[in-house]
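The file entry-v6.txt comes next; it holds compact mmCIF, C-alpha atoms and all ligand atoms.
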# COMPACT_ATOMS: atom_id res chain seq x y z
CA MET A 98 99.06 96.60 80.59
CA SER A 99 98.50 99.11 83.37
CA ALA A 100 95.12 99.35 85.08
CA THR A 101 92.60 101.84 83.79
CA LEU A 102 89.23 103.23 84.76
CA GLU A 103 87.25 104.51 81.82
CA ALA A 104 84.11 106.66 81.75
CA ILE A 105 82.24 106.43 78.47
CA GLY A 106 79.59 109.04 77.74
CA LEU A 107 78.49 109.29 81.37
CA SER A 108 75.43 111.37 82.15
CA ARG A 109 73.44 111.84 85.33
CA ARG A 110 70.13 113.64 85.55
CA PHE A 111 68.55 114.96 88.75
CA GLY A 112 64.99 115.82 87.69
CA GLY A 113 65.36 118.63 85.17
CA LEU A 114 69.07 119.13 85.84
CA LEU A 115 71.73 117.35 83.80
CA ALA A 116 74.45 117.40 86.49
CA VAL A 117 76.87 115.31 84.40
CA SER A 118 76.48 115.37 80.64
CA ASP A 119 78.24 112.98 78.24
CA VAL A 120 81.55 112.87 80.12
CA SER A 121 84.25 110.52 78.85
CA LEU A 122 87.66 110.18 80.42
CA MET A 123 90.36 107.61 81.08
CA LEU A 124 92.29 107.23 84.33
CA ARG A 125 95.58 105.34 84.13
CA VAL A 126 97.98 104.02 86.74
CA GLY A 127 100.92 106.39 86.85
CA GLN A 128 98.85 109.47 86.04
CA LEU A 129 97.35 112.18 88.21
CA HIS A 130 94.23 113.32 86.40
CA ALA A 131 92.75 116.53 87.80
CA VAL A 132 89.11 117.51 87.34
CA ILE A 133 88.47 121.20 87.83
CA GLY A 134 85.50 123.46 87.29
CA PRO A 135 83.29 126.01 89.03
CA ASN A 136 80.93 125.14 91.89
CA GLY A 137 78.08 122.96 90.65
CA ALA A 138 79.98 121.85 87.53
CA GLY A 139 79.27 118.20 88.35
CA LYS A 140 82.68 117.15 89.69
CA SER A 141 81.41 115.39 92.83
CA THR A 142 78.57 113.81 90.87
CA LEU A 143 81.16 112.42 88.45
CA VAL A 144 83.15 110.98 91.39
CA ASN A 145 79.93 109.46 92.78
CA LEU A 146 79.18 107.86 89.40
CA LEU A 147 82.69 106.39 89.15
CA ALA A 148 82.61 105.17 92.77
CA GLY A 149 79.19 103.52 92.34
CA GLU A 150 77.46 105.81 94.82
CA LEU A 151 75.02 106.85 92.08
CA PRO A 152 73.90 104.99 88.95
CA PRO A 153 74.39 106.91 85.70
CA THR A 154 71.38 107.92 83.64
CA GLU A 155 73.41 107.07 80.54
CA GLY A 156 76.87 105.80 79.74
CA ALA A 157 79.21 103.08 80.92
CA ILE A 158 82.20 102.58 83.23
CA ARG A 159 84.95 100.08 82.52
CA LEU A 160 87.71 98.90 84.82
CA ASN A 161 90.54 97.19 82.93
CA ASN A 162 88.13 96.81 79.99
CA ALA A 163 85.50 95.03 82.10
CA ASP A 164 82.10 96.71 82.30
CA ILE A 165 81.43 97.63 85.94
CA THR A 166 78.53 100.03 85.34
CA ALA A 167 76.17 97.80 87.33
CA PHE A 168 78.61 97.28 90.25
CA SER A 169 77.60 98.68 93.64
CA ALA A 170 79.96 100.93 95.60
CA ALA A 171 80.99 97.92 97.72
CA GLN A 172 81.70 95.80 94.64
CA ARG A 173 83.82 98.62 93.20
CA ALA A 174 85.78 98.85 96.45
CA HIS A 175 86.49 95.12 96.15
CA ALA A 176 87.49 95.63 92.52
CA GLY A 177 90.11 98.19 93.56
CA ILE A 178 88.41 101.58 93.45
CA GLY A 179 89.02 103.76 96.51
CA ARG A 180 87.49 107.18 97.04
CA THR A 181 87.46 110.08 99.45
CA PHE A 182 84.58 112.43 100.13
CA GLN A 183 84.44 116.19 99.71
CA ARG A 184 83.15 116.44 103.28
CA THR A 185 85.23 114.46 105.77
CA ASN A 186 83.66 111.07 106.28
CA VAL A 187 85.64 109.66 109.23
CA MET A 188 84.02 108.09 112.31
CA LEU A 189 84.99 110.64 114.93
CA ALA A 190 84.34 108.46 117.98
CA MET A 191 86.51 105.61 116.72
CA THR A 192 90.27 105.50 116.82
CA VAL A 193 92.32 106.44 113.79
CA LEU A 194 93.41 102.81 113.34
CA GLU A 195 89.83 101.49 113.67
CA ASN A 196 88.70 103.88 110.93
CA ALA A 197 91.35 102.51 108.58
CA ARG A 198 90.87 98.89 109.68
CA LEU A 199 87.11 98.91 109.01
CA ALA A 200 87.75 100.28 105.52
CA ALA A 201 90.42 97.63 104.90
CA GLN A 202 88.09 94.88 106.09
CA ALA A 203 85.17 96.10 103.99
CA ALA A 204 87.26 96.31 100.82
CA LEU A 205 89.57 93.34 101.25
CA VAL A 206 87.25 90.69 102.67
CA PRO A 207 84.87 89.34 100.04
CA ASN A 208 81.83 88.33 102.09
CA ARG A 209 80.32 88.12 105.53
CA SER A 210 81.43 84.61 106.46
CA LEU A 211 84.99 85.48 105.53
CA LEU A 212 84.64 88.74 107.40
CA ARG A 213 84.34 86.80 110.63
CA ARG A 214 87.41 84.77 109.79
CA ALA A 215 89.30 87.92 108.81
CA ALA A 216 88.72 89.40 112.23
CA THR A 217 91.18 86.83 113.55
CA THR A 218 93.75 87.49 110.83
CA THR A 219 96.10 90.43 110.67
CA ALA A 220 95.62 91.27 106.98
CA PRO A 221 93.15 94.16 107.38
CA ILE A 222 95.13 95.52 110.32
CA ALA A 223 98.37 95.34 108.37
CA ALA A 224 96.72 97.11 105.42
CA ALA A 225 95.31 99.74 107.77
CA GLN A 226 98.67 100.33 109.43
CA ALA A 227 100.41 100.62 106.08
CA ALA A 228 97.79 103.16 104.95
CA LEU A 229 98.29 105.23 108.11
CA ARG A 230 102.07 105.16 107.59
CA ARG A 231 101.63 106.33 104.02
CA VAL A 232 99.78 109.48 105.11
CA GLY A 233 101.94 110.12 108.19
CA LEU A 234 99.36 109.16 110.83
CA ASP A 235 101.01 106.00 112.16
CA GLY A 236 101.94 107.79 115.39
CA VAL A 237 98.32 108.59 116.29
CA GLY A 238 96.57 105.27 115.49
CA ASP A 239 95.29 104.82 119.04
CA GLN A 240 93.76 108.30 119.30
CA ALA A 241 90.09 108.97 118.70
CA ALA A 242 89.67 110.51 115.24
CA ARG A 243 87.95 113.53 116.82
CA THR A 244 91.22 114.54 118.49
CA LEU A 245 92.90 115.06 115.09
CA SER A 246 93.36 118.47 113.48
CA HIS A 247 91.36 119.21 110.33
CA GLY A 248 94.44 118.53 108.21
CA GLN A 249 95.00 115.18 109.95
CA GLN A 250 91.35 114.24 109.44
CA ARG A 251 91.74 114.94 105.72
CA ALA A 252 94.85 112.73 105.74
CA LEU A 253 92.86 110.01 107.53
CA GLU A 254 90.20 110.29 104.82
CA ILE A 255 92.92 109.38 102.30
CA ALA A 256 94.21 106.56 104.53
CA ILE A 257 90.67 105.11 104.68
CA ALA A 258 90.67 105.00 100.88
CA LEU A 259 94.18 103.52 100.77
CA ALA A 260 93.37 100.86 103.37
CA GLY A 261 91.38 98.93 100.76
CA GLN A 262 94.56 98.68 98.66
CA PRO A 263 92.95 100.25 95.60
CA THR A 264 94.50 100.67 92.17
CA VAL A 265 92.21 103.62 91.40
CA LEU A 266 91.92 106.56 93.81
CA LEU A 267 89.12 109.09 93.45
CA LEU A 268 89.92 112.13 95.61
CA ASP A 269 87.20 114.77 95.95
CA GLU A 270 88.84 117.98 97.13
CA PRO A 271 91.24 116.36 99.61
CA LEU A 272 92.73 119.79 100.31
CA ALA A 273 89.38 121.40 101.19
CA GLY A 274 89.66 123.75 104.14
CA MET A 275 93.45 123.39 104.42
CA GLY A 276 95.98 126.17 104.42
CA ALA A 277 99.14 126.01 102.31
CA GLU A 278 101.10 124.58 105.25
CA ASP A 279 98.84 121.53 105.74
CA GLY A 280 98.12 121.24 102.04
CA ALA A 281 101.69 120.99 100.76
CA PRO A 282 102.46 117.55 102.23
CA ILE A 283 99.10 116.20 101.02
CA ALA A 284 99.79 117.54 97.53
CA ALA A 285 103.20 115.85 97.60
CA LEU A 286 101.56 112.64 98.80
CA MET A 287 99.08 112.70 95.90
CA ARG A 288 101.92 113.14 93.45
CA ASP A 289 103.64 110.14 95.04
CA LEU A 290 100.43 108.04 95.09
CA ALA A 291 100.00 108.61 91.35
CA ARG A 292 103.14 106.55 90.71
CA GLU A 293 101.31 103.32 91.57
CA HIS A 294 97.64 104.33 91.39
CA ALA A 295 95.33 105.84 88.80
CA VAL A 296 94.42 109.08 90.58
CA LEU A 297 91.48 111.37 89.89
CA LEU A 298 91.83 114.59 91.85
CA VAL A 299 89.04 117.16 92.17
CA GLU A 300 90.63 120.41 93.25
CA HIS A 301 89.78 124.11 93.08
CA ASP A 302 93.24 125.55 93.63
CA MET A 303 94.70 126.08 90.15
CA ASP A 304 98.24 126.44 91.48
CA VAL A 305 98.02 122.99 93.06
CA VAL A 306 96.42 121.47 89.96
CA PHE A 307 99.01 122.91 87.59
CA THR A 308 101.80 121.70 89.88
CA VAL A 309 100.70 118.11 90.48
CA ALA A 310 98.50 117.09 87.52
CA ASP A 311 99.58 115.19 84.41
CA ILE A 312 96.19 115.64 82.71
CA VAL A 313 93.41 118.12 83.41
CA THR A 314 89.71 117.86 82.54
CA VAL A 315 87.72 121.07 82.91
CA MET A 316 84.00 120.68 83.59
CA VAL A 317 81.39 123.41 83.28
CA ASP A 318 77.64 122.83 83.66
CA GLY A 319 78.13 119.06 83.67
CA ARG A 320 80.04 118.97 80.38
CA VAL A 321 83.72 118.61 79.54
CA LEU A 322 84.83 122.05 78.39
CA ALA A 323 88.50 121.22 77.89
CA HIS A 324 90.92 118.36 78.34
CA GLY A 325 94.69 118.53 78.13
CA THR A 326 98.02 118.99 79.83
CA PRO A 327 98.35 121.69 82.49
CA ALA A 328 100.16 123.88 79.95
CA GLU A 329 97.35 123.46 77.40
CA ILE A 330 94.66 124.22 79.98
CA ARG A 331 96.54 127.24 81.30
CA ALA A 332 96.73 128.66 77.77
CA SER A 333 93.07 128.00 76.93
CA ALA A 334 90.95 131.10 76.38
CA ALA A 335 87.77 129.01 76.71
CA VAL A 336 88.83 127.90 80.19
CA ARG A 337 89.63 131.45 81.23
CA ASP A 338 86.27 132.67 79.96
CA ALA A 339 84.38 129.88 81.74
CA TYR A 340 86.04 130.65 85.03
CA LEU A 341 85.56 134.39 84.70
CA GLY A 342 81.92 133.78 83.70
CA HIS A 343 81.40 131.88 86.93
CA GLU A 344 83.33 134.46 88.97
CA VAL A 345 85.81 131.92 90.30
CA PRO A 346 89.29 133.45 90.64
N1 LIG B 401 71.65 114.20 94.94
C1 LIG B 401 71.37 115.29 94.21
N2 LIG B 401 70.09 115.62 93.94
C2 LIG B 401 69.80 116.71 93.18
N3 LIG B 401 70.73 117.54 92.66
C3 LIG B 401 72.02 117.26 92.92
C4 LIG B 401 72.41 116.13 93.70
N4 LIG B 401 73.78 116.12 93.78
C5 LIG B 401 74.19 117.18 93.08
N5 LIG B 401 73.16 117.87 92.56
C6 LIG B 401 73.23 119.06 91.70
O1 LIG B 401 74.06 118.72 90.60
C7 LIG B 401 74.92 119.81 90.25
C8 LIG B 401 76.35 119.37 90.32
O2 LIG B 401 76.69 119.16 91.70
P1 LIG B 401 78.11 118.64 92.15
O3 LIG B 401 78.06 118.48 93.63
O4 LIG B 401 78.46 117.45 91.35
O5 LIG B 401 79.04 119.85 91.73
P2 LIG B 401 80.59 120.11 92.06
O6 LIG B 401 81.24 120.41 90.76
O7 LIG B 401 81.12 119.01 92.87
O8 LIG B 401 80.51 121.46 92.91
P3 LIG B 401 81.43 121.96 94.14
O9 LIG B 401 82.65 122.56 93.52
O10 LIG B 401 80.59 123.00 94.80
O11 LIG B 401 81.73 120.80 95.03
C9 LIG B 401 74.57 120.95 91.21
O12 LIG B 401 73.64 121.79 90.58
C10 LIG B 401 73.93 120.23 92.39
O13 LIG B 401 73.02 121.06 93.06
MG MG B 402 81.96 118.86 94.71
Since I need it in another form, could you write the structure as structure tokens?
Ligand SMILES: Nc1ncnc2c1ncn2[C@@H]1O[C@H](COP(=O)(O)OP(=O)(O)OP(=O)(O)O)[C@@H](O)[C@H]1O
Ligand SMILES: [Mg+2]
Amino acid sequence: MSATLEAIGLSRRFGGLLAVSDVSLMLRVGQLHAVIGPNGAGKSTLVNLLAGELPPTEGAIRLNNADITAFSAAQRAHAGIGRTFQRTNVMLAMTVLENARLAAQAALVPNRSLLRRAATTTAPIAAAQAALRRVGLDGVGDQAARTLSHGQQRALEIAIALAGQPTVLLLDEPLAGMGAEDGAPIAALMRDLAREHAVLLVEHDMDVVFTVADIVTVMVDGRVLAHGTPAEIRASAAVRDAYLGHEVP
């Protein structure tokens, strides 16, 4: 059976605001599952709930049928959940390889005593190098991350997630701030990554979503408005109305 990450009736309240409201979805290896919706719809909050950055107010999360709702972000990384952040989260002063190696070490080495031992092994470095190769940054591993272009930093963000050798990848607007030229190879990479990962992609650009996604969930005001194939979502009057109502093109 292929690996799955399942959200069951997830809700998250911030004071009086229900940022995520009763969201259920299933991510499967081999599928690229896009989550779209206007600003403030709750997309990043949903990613943070799945990644263990935030506890849900209600609901449950299962990985391969095991309940991981109480797992911390670090425990979820060990369990095979990798994520990227909407705002680039790389360590600018460190080299590209160090950024990926630290992520590999954190996710692949189970505890602190082993962490010391792992420093003398090549496993995290090998995982980091493989991740950099996957995103096309293997030629710049020795450079400080701050010397990279914005597009390369976004690629490094993905490599940091891949370095932990996850089965589930949660990507929060990986194309943010990129033009079509930088974005196209990243979009192709995501399509490729979905062959052996369960991918959740948050993305605003409808053209990209309809090109790369297998399944689309549309969120508005924290709730799931629609769920279906790109063709079904494209044809949905409710989706069109929601987007026009929020003045998003
Ligand atoms: N830590 C927090 N504390 C309080 N409110 C929050 C917090 N994080 C998010 N929110 C609120 O929850 C709602 C959903 O935010 P979220 O960032 O999940 O939206 P989004 O769909 O990712 O939007 P965008 O497309 O702009 O990235 C917003 O109203 C936001 O202001
Ligand atoms: Mg967001």
### Task
May I have the residues within 10 Å of range 167-170 of chain A as an MDAnalysis selection string, using only C-alpha atoms and disregarding those fewer than 5 positions away in the same chain?
chainID A and resid 145:153 157:158 175:176 178:180
Just to be explicit: take each residue in the selection above, keep C-alpha atoms, and write the result as an mmCIF file, in the frame of the given file.
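Resulting contents of part.cif:
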data_model
loop_
_atom_site.group_PDB
_atom_site.id
_atom_site.type_symbol
_atom_site.label_atom_id
_atom_site.label_comp_id
_atom_site.auth_asym_id
_atom_site.auth_seq_id
_atom_site.Cartn_x
_atom_site.Cartn_y
_atom_site.Cartn_z
ATOM 1 C CA ASN A 145 79.930 109.460 92.780
ATOM 2 C CA LEU A 146 79.180 107.860 89.400
ATOM 3 C CA LEU A 147 82.690 106.390 89.150
ATOM 4 C CA ALA A 148 82.610 105.170 92.770
ATOM 5 C CA GLY A 149 79.190 103.520 92.340
ATOM 6 C CA GLU A 150 77.460 105.810 94.820
ATOM 7 C CA LEU A 151 75.020 106.850 92.080
ATOM 8 C CA PRO A 152 73.900 104.990 88.950
ATOM 9 C CA PRO A 153 74.390 106.910 85.700
ATOM 10 C CA ALA A 157 79.210 103.080 80.920
ATOM 11 C CA ILE A 158 82.200 102.580 83.230
ATOM 12 C CA HIS A 175 86.490 95.120 96.150
ATOM 13 C CA ALA A 176 87.490 95.630 92.520
ATOM 14 C CA ILE A 178 88.410 101.580 93.450
ATOM 15 C CA GLY A 179 89.020 103.760 96.510
ATOM 16 C CA ARG A 180 87.490 107.180 97.040
#
### Query
Which value, in Å to one decimal, gives the distance between CA of Pro263 in chain A and CA of Met123 in chain A?
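Computing it gives 16.5 Å between the two atoms.
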### Message
Could you list, as a count of residues only, all protein and nucleic acid residues with an atom at most 7 Å from ligand LIG 401 (chain B), counting only C-alpha atoms and all ligand atoms?
### Response
14
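Going from CA of Ser118 in chain A over to CA of Gly106 in chain A, you cover 7.6 Å.
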### Polymer residues at most 7 Å from Leu297 in chain A, all atoms listed in the file, same-chain spacing of 5 or more positions, as an MDAnalysis selection string
chainID A and resid 124 129:131 266:268
Write a file of the just-selected residues containing C-alpha atoms, as a PDB file, in the frame of the given file.
ATOM      1  CA  LEU A 124      92.290 107.230  84.330  1.00  0.00           C
ATOM      2  CA  LEU A 129      97.350 112.180  88.210  1.00  0.00           C
ATOM      3  CA  HIS A 130      94.230 113.320  86.400  1.00  0.00           C
ATOM      4  CA  ALA A 131      92.750 116.530  87.800  1.00  0.00           C
ATOM      5  CA  LEU A 266      91.920 106.560  93.810  1.00  0.00           C
ATOM      6  CA  LEU A 267      89.120 109.090  93.450  1.00  0.00           C
ATOM      7  CA  LEU A 268      89.920 112.130  95.610  1.00  0.00           C
TER       8      LEU A 268
END
### Query
So how many Å separate CA of Leu189 in chain A and CA of Ala242 in chain A, to one decimal?
4.7 Å
### Task
Could you give me, as a list of chain:residue names, the residues within 6 Å of range 312-318 of chain A, counting only C-alpha atoms and dropping anything in the same chain fewer than 2 positions from it?
A:His130, A:Ala131, A:Val132, A:Ile133, A:Gly134, A:Ala138, A:Ala310, A:Arg320, A:Val321, A:Leu322, A:Ala323, A:His324, A:Gly325, A:Thr326
Written selection (C-alpha atoms) as a PDB file, in the coordinates of the input:
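Writing done, so here's part.pdb:
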ATOM      1  CA  HIS A 130      94.230 113.320  86.400  1.00  0.00           C
ATOM      2  CA  ALA A 131      92.750 116.530  87.800  1.00  0.00           C
ATOM      3  CA  VAL A 132      89.110 117.510  87.340  1.00  0.00           C
ATOM      4  CA  ILE A 133      88.470 121.200  87.830  1.00  0.00           C
ATOM      5  CA  GLY A 134      85.500 123.460  87.290  1.00  0.00           C
ATOM      6  CA  ALA A 138      79.980 121.850  87.530  1.00  0.00           C
ATOM      7  CA  ALA A 310      98.500 117.090  87.520  1.00  0.00           C
ATOM      8  CA  ARG A 320      80.040 118.970  80.380  1.00  0.00           C
ATOM      9  CA  VAL A 321      83.720 118.610  79.540  1.00  0.00           C
ATOM     10  CA  LEU A 322      84.830 122.050  78.390  1.00  0.00           C
ATOM     11  CA  ALA A 323      88.500 121.220  77.890  1.00  0.00           C
ATOM     12  CA  HIS A 324      90.920 118.360  78.340  1.00  0.00           C
ATOM     13  CA  GLY A 325      94.690 118.530  78.130  1.00  0.00           C
ATOM     14  CA  THR A 326      98.020 118.990  79.830  1.00  0.00           C
TER      15      THR A 326
END
### Message
Residues within 9 Å of Arg243 in chain A, please, as a PyMOL selection string. Count all atoms listed in the file; anything in the same chain fewer than 4 positions from it doesn't count.
### Response
chain A and resi 187-193+250
### Query
From the set A:Gln183, A:Gln249, A:Gln226, A:Ser333, which residue has the shortest atom-to-atom contact distance to ligand MG 402 (chain B), counting only C-alpha atoms and all ligand atoms?
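With only C-alpha atoms and all ligand atoms as the atom set, the closest residue is A:Gln183.
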With all atoms of range 282-289 of chain A from the file as input, state the centre and edge lengths in Å to one decimal of the axis-aligned box that has 6 Å extra on each side, as lines of an AutoDock Vina configuration file.
center_x = 101.4
center_y = 113.8
center_z = 97.8
size_x = 16.6
size_y = 19.4
size_z = 20.8
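Residue nearest ligand MG 402 (chain B), chosen from A:Val305, A:Ala285, A:Val120, A:Ala273 and counting only C-alpha atoms and all ligand atoms: A:Ala273.
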### Task
Find the residue from A:Val306, A:Ala204, A:Val232, A:Ala220 that sits nearest to Gly261 in chain A; use only C-alpha atoms when measuring.
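Distance minimum relative to Gly261 in chain A lands on A:Ala204.
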### Task
Might you pull out every residue within 10 Å of Ser246 in chain A, with only C-alpha atoms counted and same-chain residues fewer than 5 positions away left off, and present them as an NGL selection string?
:A and (251-252 or 279)
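Using only C-alpha atoms, the shortest contact distance between Glu103 in chain A and any of A:Ala258, A:Arg337, A:Ala295, A:Met275 is found at A:Ala295.
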### Task
Choose the residue, out of A:Thr154, A:Arg331, A:Thr185, A:Leu229, that has the smallest atom-to-atom separation from Arg110 in chain A; count only C-alpha atoms.
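Checking each of A:Thr154, A:Arg331, A:Thr185, A:Leu229 against Arg110 in chain A, counting only C-alpha atoms, the winner is A:Thr154.
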#### Entry: Shortest interatomic distance to Asp164 in chain A - which of A:Leu102, A:Ala225, A:Val237, A:Ala260, counting only C-alpha atoms
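Looking only at the distances to Asp164 in chain A, the closest residue turns out to be A:Leu102.
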